[in-house]
Every structure is written in structure tokens, then in C-alpha cells.
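These notes are about the structure you will find just below.
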Amino acid sequence: MVSNDQSIIDLKHQVLEEVCRLAWEGELTSENREKLVYKMIPGPKPNYRCCVYKEREIIRDRIRLACGENSSLHAESNNVVQVIDPACDECPISAYSVTDNCRFCLGRACQNSCKFDAIHPGDVRMHIDAAKCKECGMCAKACPYGAIVHLQRPCKKACPVDAISYDEYGYAKIDESKCVQCGHCIHNCPFGAISSKTYLVNIIEAIKAGKEVIAMCAPATEGQFGEKVSMASIRRSLMKLGFSEMVEVGLGGDMTAAYEALEWSEARKEGRKMTTSCCPAFINMMRKHFPEVFQNNMSSVVSPMCAVSRYLKATHPGCVTVFIGPCIAKKSESQDKSVPDNADYVLTYGEIYALLRSKDMDYEPIPEEEEDKYQEASIWGKKFASSGGVAAAVIECMQERGEDTSEIKLLKCAGGAECKKALTLLNMDKLPEDFVEGMVCPGGCVGGPSRHKTEVELTRSRNTLLAQADKRKVLQNLNDYPMERFSMFRDGHL
């Protein structure tokens, strides 16, 4: 998919691919990492920055992140999402700026409206002193010509929880006490100054060590690589790469829906409102910004990723589980020690693509005559990736158990603003709905920051692939899996 940040994505993926090649060869030494810097930025002229020295420092930080390490100036950070400081220096610091539309009028409405003495006449137009400006916006409202604009940085604008600020030098800073690790800032930064740690090297080392490494593909995967690349063809490609098996996480969607349906039924009887537990960014938003809602209203059932990981670890003792999807926040979920036996590692679609290219491979459609019609999830589990999909699957399970769901009031939230509004109302005990499905990405998981195609392309491809799935029931499908062998609750207790 060609996107607004395609050149940044190309650079990032080139670093990932080269790091993976060195890891496969067992040559990922400090010396070879430094050689890679000069291979990518040979000089003497810069390619996209002011000088080759800055470019090389950016590549060094990208190599650190590609190896699962912290960027150079954030050694103490526990965040998956991190700022590459050398790349963050081109955005304007001031939030409000006077444009050429300023007529230098005699009325000085902008100056008269400012209570902080931050705006004064310049040589040819009014000037805002960034050190004094409190970003109240009164000058912009007062200007009769609309000559004052709000220049909000793209990363800050994309953050749903206001976790990004700037230091005195203009470098972006992430407040880890607020950050929900959704990753929206990553693809909204036009300079590629924000990225996430990856765990490709760990996975390569596990495969080379002969461990049973099992891939788990998110329901959002269907359609990401075109309507001819089915789950079966992705499974074949991953197994050629070195994974011992692949399981679709839509199966975990079935598992989660079945248990959340039981919770919803009980909460309904008690008159208690509940939220879903599938989106890790939504969970992080509750935990950090609405702790009472997290404590009282969140489902105790694990996410589909965790459900499948626990199923695999119960049936394949000692295996290494790797989730593949469009979600950055899943990386933080896998590192949450309060939820045992979750996925060991998480890869985005871009990262798994770089892993394939490091072995000179790609996804290959399976000829129709060889298609094995691989399917482990019901259609309801497969639709978990779209906004409303979780709630629909839960309602389906309730109906399969013979419950009347006609009176249930649902609120489906897709996007950070919608989730924040719903949680605010729930926290104030003013939410009219019974249950909240929360997904921080617009459109649901399919709209995740590491999606591989546009919304139109995804919709067309997903509809084609989902139409090929059989219409098995959720609870009927789960009869084929040993649910009694592992816990479906966050604390790990059966």
C-alpha cells in the first residue's frame, strides 16, 4: 500500500530486513551493525536530512529498535513506542502562528484579546511570542481575517490521550503514565521520528534454536494482502519461513465471545454495565485514565490473542507463540506480566513482511486446485477485527444459549475520541447503554496503524475471503478444542 509516509516506511523496512539477514546468518555483531549504518548511509552527501551524520544517528536508533532495544536517549523507558530524537527537529514549536493573511490592521483585535501579552506588532505582521503563549486560541478567534492558525503537530494531534508534549528544544516527549501505546503517532509523524521496538531477532533466534515457534494471525489479516492471499496461503508461507504451525486468532475470538457472553449475562442480571477486553489500547486507556472503570466494569476474560496463546501452550508445552497483526498496542499486551501465558512476541504486518523478504520470500496465493480451505474460526470470530464484530459475536453466543437479547443496548466505539467519551460517561454513571465495545483504531482492528491496504481495498478483499468461510456456529466450533485445559480469565485461574 502506498501511503503518505511511504518513504519512511521503506526506510524502516529496509533496516528491519537488513537486521534480519544478519540475524539469520548469525552475524548481528556490534561491528556489523555499525557497518550496516554506513552501508545504508554511505555519504558524503545526505539523502533526506541536513547531513549524513544526523542520518547515520537515525539509522543507529532504528537498528536498536529493530533489535528490541531502547533508542539511544531513552535507555530507561519501558514503552514499546519510542521517539527517535535525532529525527525529531523539524516541526514548529509554537502552536499558534500568524500567516501572510495578516493585514496589520489598526484594530489589533488579536493583541487586545491576549491576556498573556504574547502577541505584538512585528515588521510586516503581528508576531506571537511562543515563550509567553498559553495556547488559549483567543487571538485566532478574534482575528477578523482568520490570519492566525493552529499549527498542532501531527503526532500530538493523533494521540487520543494527550500523552505527547515537547521539551525546550522542540523534541517530542511521550508521557508513559498517559500513553496507551496505540501507535497512532508513529504513522502520523511525517519525519519518522516515532517508532516501536520489534522482536524479529528474538523470533529468528528461537527458530534457529529448533524451538516450536507457532504463528498466530489476527482476524484482521484476511484481506490485508489481497483477495487471493487466504489464511491458508499465509499459513503455507509462514511455515516455509520456519514457523512450525500457524493458527488464526479468530478461533480466540470465538473463545473470548463465549466467555464474555457468560459475563454479560451475569452482569445483566445484576444491572451492571461492562466493557469488552479485546483491544489492548482500550484496556490501557481504562487502566491509566479511568482506573475505577477498569476495576469495576472491564471484562475479566482474556483477549483472543491470549486465548489462542494459552490454548497452544496447553497443547504444545514449551512452544513459542508469535502474534501477527496490525496492532502496535498488542506488543504492550504481550509484555503485561499480570496476564500469564500471553503471546511471547508480537509482529506487525510490516515486520513480518520484512522477515519474509530477509529470506527472499513473499506471500504466494495457493492455486485453487490445491487450496486446503484452512479454517479454525467461525465467521463470528473472523469478524472480530471490524467495529461491532466483538459485540455481534457475544450476542450470537447468548442467542445460541437461548437467551433473549432484544432488550440489550450496545455502544460500539471505534476511535480514540469515541472510546474516551464512552468511558467518561461510564465513569460518571451517565452511560445509557448496557455494554461498551471499545476499539481505539477507527473502523476496529482492520484500521490498525500497521494495516497493509487502504480501507476500500481491505473491504473488498475481506468481503471476498469471508464469503468463502463456512457458517459454523461459535459454540459448536469450540467443541473441537480442549477449553478445560486452560484459563480464559486474565488472572490465569481456571
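Identifiers in the C-alpha cells: chain A, B, ... in order shown; residue index from 1 per chain; ligand index from 1 in order shown.
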
Query raised in the report: Quick one: residues within 6 Å of region 343-358 of chain A, only C-alpha atoms counted, chain neighbours fewer than 6 positions away excluded, as an MDAnalysis selection string?
Result: chainID A and resid 13 17 20:21 309 321:326 331 334

Contacts of Thr99 (chain A) at 10 Å (only C-alpha atoms; same-chain gap of 4+ positions) as a PDB file with N, CA and C atoms, in the first residue's frame:
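Result saved to part.pdb:
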```pdb
ATOM      1  N   ARG A 103      -3.369  41.506   7.972  1.00  0.00           N
ATOM      2  CA  ARG A 103      -3.404  42.803   7.278  1.00  0.00           C
ATOM      3  C   ARG A 103      -2.754  43.907   8.100  1.00  0.00           C
ATOM      4  N   ARG A 125       3.841  41.979  10.006  1.00  0.00           N
ATOM      5  CA  ARG A 125       2.642  41.332  10.532  1.00  0.00           C
ATOM      6  C   ARG A 125       2.769  41.181  12.043  1.00  0.00           C
ATOM      7  N   MET A 126       1.700  40.779  12.673  1.00  0.00           N
ATOM      8  CA  MET A 126       1.750  40.529  14.110  1.00  0.00           C
ATOM      9  C   MET A 126       2.624  39.313  14.394  1.00  0.00           C
ATOM     10  N   HIS A 127       3.199  39.266  15.581  1.00  0.00           N
ATOM     11  CA  HIS A 127       4.109  38.184  15.947  1.00  0.00           C
ATOM     12  C   HIS A 127       3.702  37.599  17.302  1.00  0.00           C
ATOM     13  N   GLY A 146      -9.010  35.782   9.934  1.00  0.00           N
ATOM     14  CA  GLY A 146      -8.644  34.369  10.079  1.00  0.00           C
ATOM     15  C   GLY A 146      -7.180  34.144   9.770  1.00  0.00           C
ATOM     16  N   ALA A 147      -6.338  35.118  10.133  1.00  0.00           N
ATOM     17  CA  ALA A 147      -4.923  35.072   9.761  1.00  0.00           C
ATOM     18  C   ALA A 147      -4.067  34.288  10.749  1.00  0.00           C
ATOM     19  N   ILE A 148      -4.652  33.859  11.876  1.00  0.00           N
ATOM     20  CA  ILE A 148      -3.884  33.116  12.875  1.00  0.00           C
ATOM     21  C   ILE A 148      -4.357  31.665  12.861  1.00  0.00           C
ATOM     22  N   VAL A 149      -3.413  30.758  12.664  1.00  0.00           N
ATOM     23  CA  VAL A 149      -3.763  29.339  12.532  1.00  0.00           C
ATOM     24  C   VAL A 149      -3.166  28.531  13.672  1.00  0.00           C
TER      25      VAL A 149
END
```

Query raised in the report: Where does DSSP see strand (DSSP E) in region 155-317 of chain A, if you list the residues as a VMD selection string?
Result: chain A and resid 164 to 166 172 to 174 194 to 196 213 to 217 245 to 248 274 to 275

**Report entry** helix (DSSP H, G or I) per DSSP on the backbone: members of region 132-255 of chain A, as a PyMOL selection string
**Finding:** chain A and resi 138-142+154-158+184-188+200-208+219-221+231-241+250-255

Please write the residues from the selection above to a file, keeping N, CA and C atoms, as a short mmCIF file (atom, residue, chain, number, x, y, z; two decimals), in the first residue's frame.
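So selection-v4.cif came out as:
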```cif
data_model
loop_
_atom_site.label_atom_id
_atom_site.label_comp_id
_atom_site.auth_asym_id
_atom_site.auth_seq_id
_atom_site.Cartn_x
_atom_site.Cartn_y
_atom_site.Cartn_z
N MET A 138 -7.50 32.52 21.83
CA MET A 138 -8.35 33.70 21.77
C MET A 138 -7.97 34.62 20.61
N CYS A 139 -6.67 34.72 20.31
CA CYS A 139 -6.23 35.59 19.21
C CYS A 139 -6.76 35.09 17.87
N ALA A 140 -6.75 33.77 17.69
CA ALA A 140 -7.25 33.20 16.44
C ALA A 140 -8.74 33.46 16.28
N LYS A 141 -9.49 33.38 17.38
CA LYS A 141 -10.92 33.65 17.32
C LYS A 141 -11.21 35.12 17.06
N ALA A 142 -10.34 36.00 17.58
CA ALA A 142 -10.59 37.44 17.46
C ALA A 142 -10.21 38.00 16.10
N PRO A 154 1.46 16.83 14.04
CA PRO A 154 0.69 15.62 13.66
C PRO A 154 0.70 14.53 14.72
N CYS A 155 1.84 14.33 15.40
CA CYS A 155 1.91 13.27 16.41
C CYS A 155 1.00 13.60 17.59
N LYS A 156 1.01 14.85 18.02
CA LYS A 156 0.19 15.27 19.15
C LYS A 156 -1.29 15.22 18.79
N LYS A 157 -1.60 15.62 17.57
CA LYS A 157 -2.99 15.60 17.10
C LYS A 157 -3.53 14.18 17.04
N ALA A 158 -2.68 13.21 16.69
CA ALA A 158 -3.12 11.82 16.55
C ALA A 158 -3.29 11.11 17.88
N HIS A 184 -0.68 5.31 17.02
CA HIS A 184 -1.19 6.23 16.00
C HIS A 184 -0.20 7.34 15.68
N CYS A 185 0.60 7.73 16.67
CA CYS A 185 1.59 8.78 16.44
C CYS A 185 2.66 8.34 15.45
N ILE A 186 2.93 7.05 15.38
CA ILE A 186 4.03 6.54 14.55
C ILE A 186 3.82 6.89 13.08
N HIS A 187 2.65 6.54 12.55
CA HIS A 187 2.42 6.77 11.13
C HIS A 187 1.91 8.17 10.84
N ASN A 188 1.68 8.98 11.87
CA ASN A 188 1.28 10.36 11.65
C ASN A 188 2.44 11.33 11.67
N LEU A 200 11.93 -9.21 16.07
CA LEU A 200 12.29 -10.11 14.97
C LEU A 200 13.51 -10.95 15.30
N VAL A 201 14.51 -10.34 15.91
CA VAL A 201 15.75 -11.05 16.23
C VAL A 201 15.47 -12.19 17.21
N ASN A 202 14.64 -11.91 18.23
CA ASN A 202 14.29 -12.96 19.21
C ASN A 202 13.61 -14.14 18.53
N ILE A 203 12.73 -13.85 17.57
CA ILE A 203 11.99 -14.90 16.88
C ILE A 203 12.92 -15.71 15.98
N ILE A 204 13.81 -15.03 15.28
CA ILE A 204 14.79 -15.72 14.44
C ILE A 204 15.66 -16.65 15.28
N GLU A 205 16.10 -16.16 16.42
CA GLU A 205 16.94 -16.98 17.29
C GLU A 205 16.18 -18.20 17.81
N ALA A 206 14.90 -18.03 18.10
CA ALA A 206 14.09 -19.16 18.57
C ALA A 206 13.93 -20.20 17.47
N ILE A 207 13.69 -19.75 16.24
CA ILE A 207 13.55 -20.68 15.10
C ILE A 207 14.86 -21.41 14.86
N LYS A 208 15.98 -20.67 14.87
CA LYS A 208 17.28 -21.28 14.63
C LYS A 208 17.65 -22.27 15.74
N PRO A 219 -7.50 -11.81 13.18
CA PRO A 219 -8.62 -11.83 12.24
C PRO A 219 -8.51 -10.74 11.17
N ALA A 220 -7.84 -9.63 11.51
CA ALA A 220 -7.69 -8.54 10.54
C ALA A 220 -6.79 -8.91 9.37
N THR A 221 -6.11 -10.06 9.47
CA THR A 221 -5.17 -10.47 8.42
C THR A 221 -5.87 -10.72 7.09
N MET A 231 -5.94 -17.20 4.38
CA MET A 231 -5.25 -17.67 5.58
C MET A 231 -4.42 -18.92 5.28
N ALA A 232 -4.93 -19.76 4.37
CA ALA A 232 -4.20 -20.98 4.01
C ALA A 232 -2.88 -20.65 3.33
N SER A 233 -2.89 -19.65 2.44
CA SER A 233 -1.65 -19.31 1.74
C SER A 233 -0.66 -18.62 2.68
N ILE A 234 -1.18 -17.81 3.61
CA ILE A 234 -0.31 -17.18 4.61
C ILE A 234 0.31 -18.25 5.50
N ARG A 235 -0.50 -19.22 5.89
CA ARG A 235 -0.01 -20.32 6.72
C ARG A 235 1.11 -21.08 6.02
N ARG A 236 0.93 -21.36 4.73
CA ARG A 236 1.97 -22.08 3.98
C ARG A 236 3.26 -21.28 3.94
N SER A 237 3.16 -19.96 3.68
CA SER A 237 4.35 -19.11 3.58
C SER A 237 5.09 -19.05 4.91
N LEU A 238 4.35 -18.90 6.01
CA LEU A 238 4.98 -18.80 7.32
C LEU A 238 5.68 -20.09 7.71
N MET A 239 5.10 -21.21 7.35
CA MET A 239 5.73 -22.49 7.67
C MET A 239 6.99 -22.70 6.83
N LYS A 240 7.00 -22.21 5.59
CA LYS A 240 8.23 -22.26 4.79
C LYS A 240 9.31 -21.39 5.40
N LEU A 241 8.88 -20.30 6.04
CA LEU A 241 9.83 -19.38 6.66
C LEU A 241 10.51 -20.00 7.87
N GLY A 250 -8.89 -15.74 15.00
CA GLY A 250 -10.35 -15.73 15.01
C GLY A 250 -10.89 -16.84 15.90
N LEU A 251 -10.13 -17.94 16.03
CA LEU A 251 -10.50 -19.00 16.98
C LEU A 251 -10.54 -18.45 18.39
N GLY A 252 -9.57 -17.63 18.73
CA GLY A 252 -9.57 -16.97 20.04
C GLY A 252 -10.73 -16.02 20.19
N GLY A 253 -11.17 -15.44 19.05
CA GLY A 253 -12.37 -14.60 19.07
C GLY A 253 -13.58 -15.40 19.50
N ASP A 254 -13.70 -16.62 18.98
CA ASP A 254 -14.80 -17.50 19.40
C ASP A 254 -14.71 -17.77 20.90
N MET A 255 -13.50 -18.07 21.37
CA MET A 255 -13.30 -18.38 22.79
C MET A 255 -13.67 -17.19 23.67
#
```

**Report entry** Among listed residues A:Glu76, A:Glu18, A:Glu176, A:Glu27, nearest Ser332 (chain A) (using only C-alpha atoms)
**Finding:** A:Glu176

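Going from CA of Glu484 (chain A) over to CA of Val213 (chain A), you cover 23.3 Å.
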
Query raised in the report: If you count only C-alpha atoms, which residues fall within 10 Å of Cys179 (chain A), apart from same-chain ones fewer than 3 positions away, as a list in words?
Result: Asn79, Val81, Cys159, Pro160, Val161, Asp162, Ala163, Ile164, Ile174, Asp175, Glu176, Cys182, Gly183, Ala281, Asn284, Met285, Lys288 and His289 of chain A

Query raised in the report: Which neighbours of Phe435 (chain A) fall inside 12 Å, counting only C-alpha atoms, when residues of the same chain fewer than 3 positions from it are skipped, and could you give them as number ranges by chain?
Result: A: 260-261, 263-265, 267-268, 271-277, 297-299, 388, 390-392, 394-395, 407-413, 422-423, 426, 431-432, 438

Query raised in the report: Contacts of Ser72 (chain A) at 12 Å or less, counting only C-alpha atoms, minus same-chain residues fewer than 5 places along, as a list in words?
Result: Glu57, Ile58, Ile59, Arg60, Asp61, Arg62, Ile63, Arg64, Leu65, Ser77, Gln82, Val83, Ile84, Asp85 and Pro86 of chain A

Query raised in the report: Taking only C-alpha atoms into account, which of A:Glu396, A:Asp429, A:Glu212, A:Asp404 comes nearest Cys319 (chain A)?
Result: A:Glu212

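As for CA of Val293 (chain A) and CA of Ala329 (chain A), they are spaced 19.6 Å apart.
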
Requested in this report: Name the closest residue to Met428 (chain A) among the candidates A:Glu90, A:Asp167, A:Glu135, A:Glu292; distances are taken between atoms, counting only C-alpha atoms.
Outcome: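 Closest to Met428 (chain A) of all the choices is A:Glu292.
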
Query - Exercise: Ile8 (chain A) partners within 12 Å, only C-alpha atoms, chain neighbours under 2 positions left out, as a list in words - result: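 Everything that qualifies: Val2, Ser3, Asn4, Asp5, Gln6, Asp10, Leu11, Lys12, His13, Gln14, Val15, Tyr48, Ile58, Ile59, Arg62, Ala87, Ile186, His187, Asn188, Cys189, Pro190, Phe191, Gly192, Ala193, Ile194 and Ser195 of chain A.
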
Residues from last step as file, N, CA and C atoms, as a PDB file, in the first residue's frame:
```
ATOM      1  N   VAL A   2       0.675   2.151  -0.944  1.00  0.00           N
ATOM      2  CA  VAL A   2       1.385   3.418  -0.968  1.00  0.00           C
ATOM      3  C   VAL A   2       0.636   4.372  -0.058  1.00  0.00           C
ATOM      4  N   SER A   3       1.337   4.958   0.912  1.00  0.00           N
ATOM      5  CA  SER A   3       0.692   5.852   1.872  1.00  0.00           C
ATOM      6  C   SER A   3       1.459   7.159   1.944  1.00  0.00           C
ATOM      7  N   ASN A   4       0.960   8.081   2.767  1.00  0.00           N
ATOM      8  CA  ASN A   4       1.587   9.392   2.892  1.00  0.00           C
ATOM      9  C   ASN A   4       2.995   9.306   3.465  1.00  0.00           C
ATOM     10  N   ASP A   5       3.282   8.244   4.196  1.00  0.00           N
ATOM     11  CA  ASP A   5       4.611   8.107   4.791  1.00  0.00           C
ATOM     12  C   ASP A   5       5.393   6.959   4.157  1.00  0.00           C
ATOM     13  N   GLN A   6       5.165   6.735   2.859  1.00  0.00           N
ATOM     14  CA  GLN A   6       5.755   5.581   2.189  1.00  0.00           C
ATOM     15  C   GLN A   6       7.276   5.577   2.243  1.00  0.00           C
ATOM     16  N   ASP A  10       9.506   2.644   3.821  1.00  0.00           N
ATOM     17  CA  ASP A  10      10.532   1.944   3.041  1.00  0.00           C
ATOM     18  C   ASP A  10      11.858   1.907   3.788  1.00  0.00           C
ATOM     19  N   LEU A  11      12.236   3.044   4.390  1.00  0.00           N
ATOM     20  CA  LEU A  11      13.494   3.108   5.141  1.00  0.00           C
ATOM     21  C   LEU A  11      13.440   2.184   6.358  1.00  0.00           C
ATOM     22  N   LYS A  12      12.348   2.243   7.094  1.00  0.00           N
ATOM     23  CA  LYS A  12      12.197   1.408   8.287  1.00  0.00           C
ATOM     24  C   LYS A  12      12.271  -0.064   7.929  1.00  0.00           C
ATOM     25  N   HIS A  13      11.565  -0.459   6.866  1.00  0.00           N
ATOM     26  CA  HIS A  13      11.532  -1.868   6.474  1.00  0.00           C
ATOM     27  C   HIS A  13      12.877  -2.317   5.926  1.00  0.00           C
ATOM     28  N   GLN A  14      13.612  -1.399   5.292  1.00  0.00           N
ATOM     29  CA  GLN A  14      14.950  -1.754   4.810  1.00  0.00           C
ATOM     30  C   GLN A  14      15.867  -2.077   5.984  1.00  0.00           C
ATOM     31  N   VAL A  15      15.761  -1.263   7.056  1.00  0.00           N
ATOM     32  CA  VAL A  15      16.555  -1.533   8.258  1.00  0.00           C
ATOM     33  C   VAL A  15      16.171  -2.883   8.847  1.00  0.00           C
ATOM     34  N   TYR A  48      18.276  12.763   2.763  1.00  0.00           N
ATOM     35  CA  TYR A  48      16.994  13.347   3.132  1.00  0.00           C
ATOM     36  C   TYR A  48      17.070  14.232   4.371  1.00  0.00           C
ATOM     37  N   ILE A  58      20.193   8.471  13.095  1.00  0.00           N
ATOM     38  CA  ILE A  58      18.815   7.980  12.999  1.00  0.00           C
ATOM     39  C   ILE A  58      18.803   6.490  12.677  1.00  0.00           C
ATOM     40  N   ILE A  59      19.676   6.074  11.751  1.00  0.00           N
ATOM     41  CA  ILE A  59      19.759   4.649  11.393  1.00  0.00           C
ATOM     42  C   ILE A  59      20.234   3.824  12.585  1.00  0.00           C
ATOM     43  N   ARG A  62      17.276   3.293  14.721  1.00  0.00           N
ATOM     44  CA  ARG A  62      16.350   2.338  14.099  1.00  0.00           C
ATOM     45  C   ARG A  62      16.872   0.909  14.226  1.00  0.00           C
ATOM     46  N   ALA A  87      15.668  12.422  14.767  1.00  0.00           N
ATOM     47  CA  ALA A  87      14.744  12.617  13.649  1.00  0.00           C
ATOM     48  C   ALA A  87      13.677  13.652  13.953  1.00  0.00           C
ATOM     49  N   ILE A 186       2.934   7.047  15.379  1.00  0.00           N
ATOM     50  CA  ILE A 186       4.026   6.543  14.552  1.00  0.00           C
ATOM     51  C   ILE A 186       3.818   6.892  13.083  1.00  0.00           C
ATOM     52  N   HIS A 187       2.651   6.543  12.553  1.00  0.00           N
ATOM     53  CA  HIS A 187       2.416   6.773  11.130  1.00  0.00           C
ATOM     54  C   HIS A 187       1.906   8.175  10.835  1.00  0.00           C
ATOM     55  N   ASN A 188       1.679   8.982  11.870  1.00  0.00           N
ATOM     56  CA  ASN A 188       1.277  10.363  11.648  1.00  0.00           C
ATOM     57  C   ASN A 188       2.445  11.329  11.674  1.00  0.00           C
ATOM     58  N   CYS A 189       3.614  10.865  12.136  1.00  0.00           N
ATOM     59  CA  CYS A 189       4.800  11.731  12.131  1.00  0.00           C
ATOM     60  C   CYS A 189       5.408  11.754  10.732  1.00  0.00           C
ATOM     61  N   PRO A 190       5.435  12.912  10.069  1.00  0.00           N
ATOM     62  CA  PRO A 190       5.951  12.977   8.693  1.00  0.00           C
ATOM     63  C   PRO A 190       7.464  12.865   8.595  1.00  0.00           C
ATOM     64  N   PHE A 191       8.157  12.789   9.741  1.00  0.00           N
ATOM     65  CA  PHE A 191       9.614  12.654   9.726  1.00  0.00           C
ATOM     66  C   PHE A 191      10.078  11.291  10.239  1.00  0.00           C
ATOM     67  N   GLY A 192       9.129  10.408  10.535  1.00  0.00           N
ATOM     68  CA  GLY A 192       9.509   9.084  11.023  1.00  0.00           C
ATOM     69  C   GLY A 192      10.251   9.138  12.334  1.00  0.00           C
ATOM     70  N   ALA A 193       9.902  10.126  13.184  1.00  0.00           N
ATOM     71  CA  ALA A 193      10.630  10.327  14.435  1.00  0.00           C
ATOM     72  C   ALA A 193      10.097   9.474  15.575  1.00  0.00           C
ATOM     73  N   ILE A 194       9.011   8.739  15.346  1.00  0.00           N
ATOM     74  CA  ILE A 194       8.463   7.860  16.376  1.00  0.00           C
ATOM     75  C   ILE A 194       8.347   6.459  15.788  1.00  0.00           C
ATOM     76  N   SER A 195       8.775   5.476  16.540  1.00  0.00           N
ATOM     77  CA  SER A 195       8.716   4.093  16.062  1.00  0.00           C
ATOM     78  C   SER A 195       8.469   3.176  17.253  1.00  0.00           C
TER      79      SER A 195
END
```

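The coordinates place CA of Gly242 (chain A) at 20.9 Å from CA of Gln375 (chain A).
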
Query raised in the report: Using only C-alpha atoms, which residue out of A:Cys51, A:Lys228, A:Lys330, A:Asn427 lies closest to Asn296 (chain A)?
Result: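 Selected residue with least distance to Asn296 (chain A): A:Asn427.
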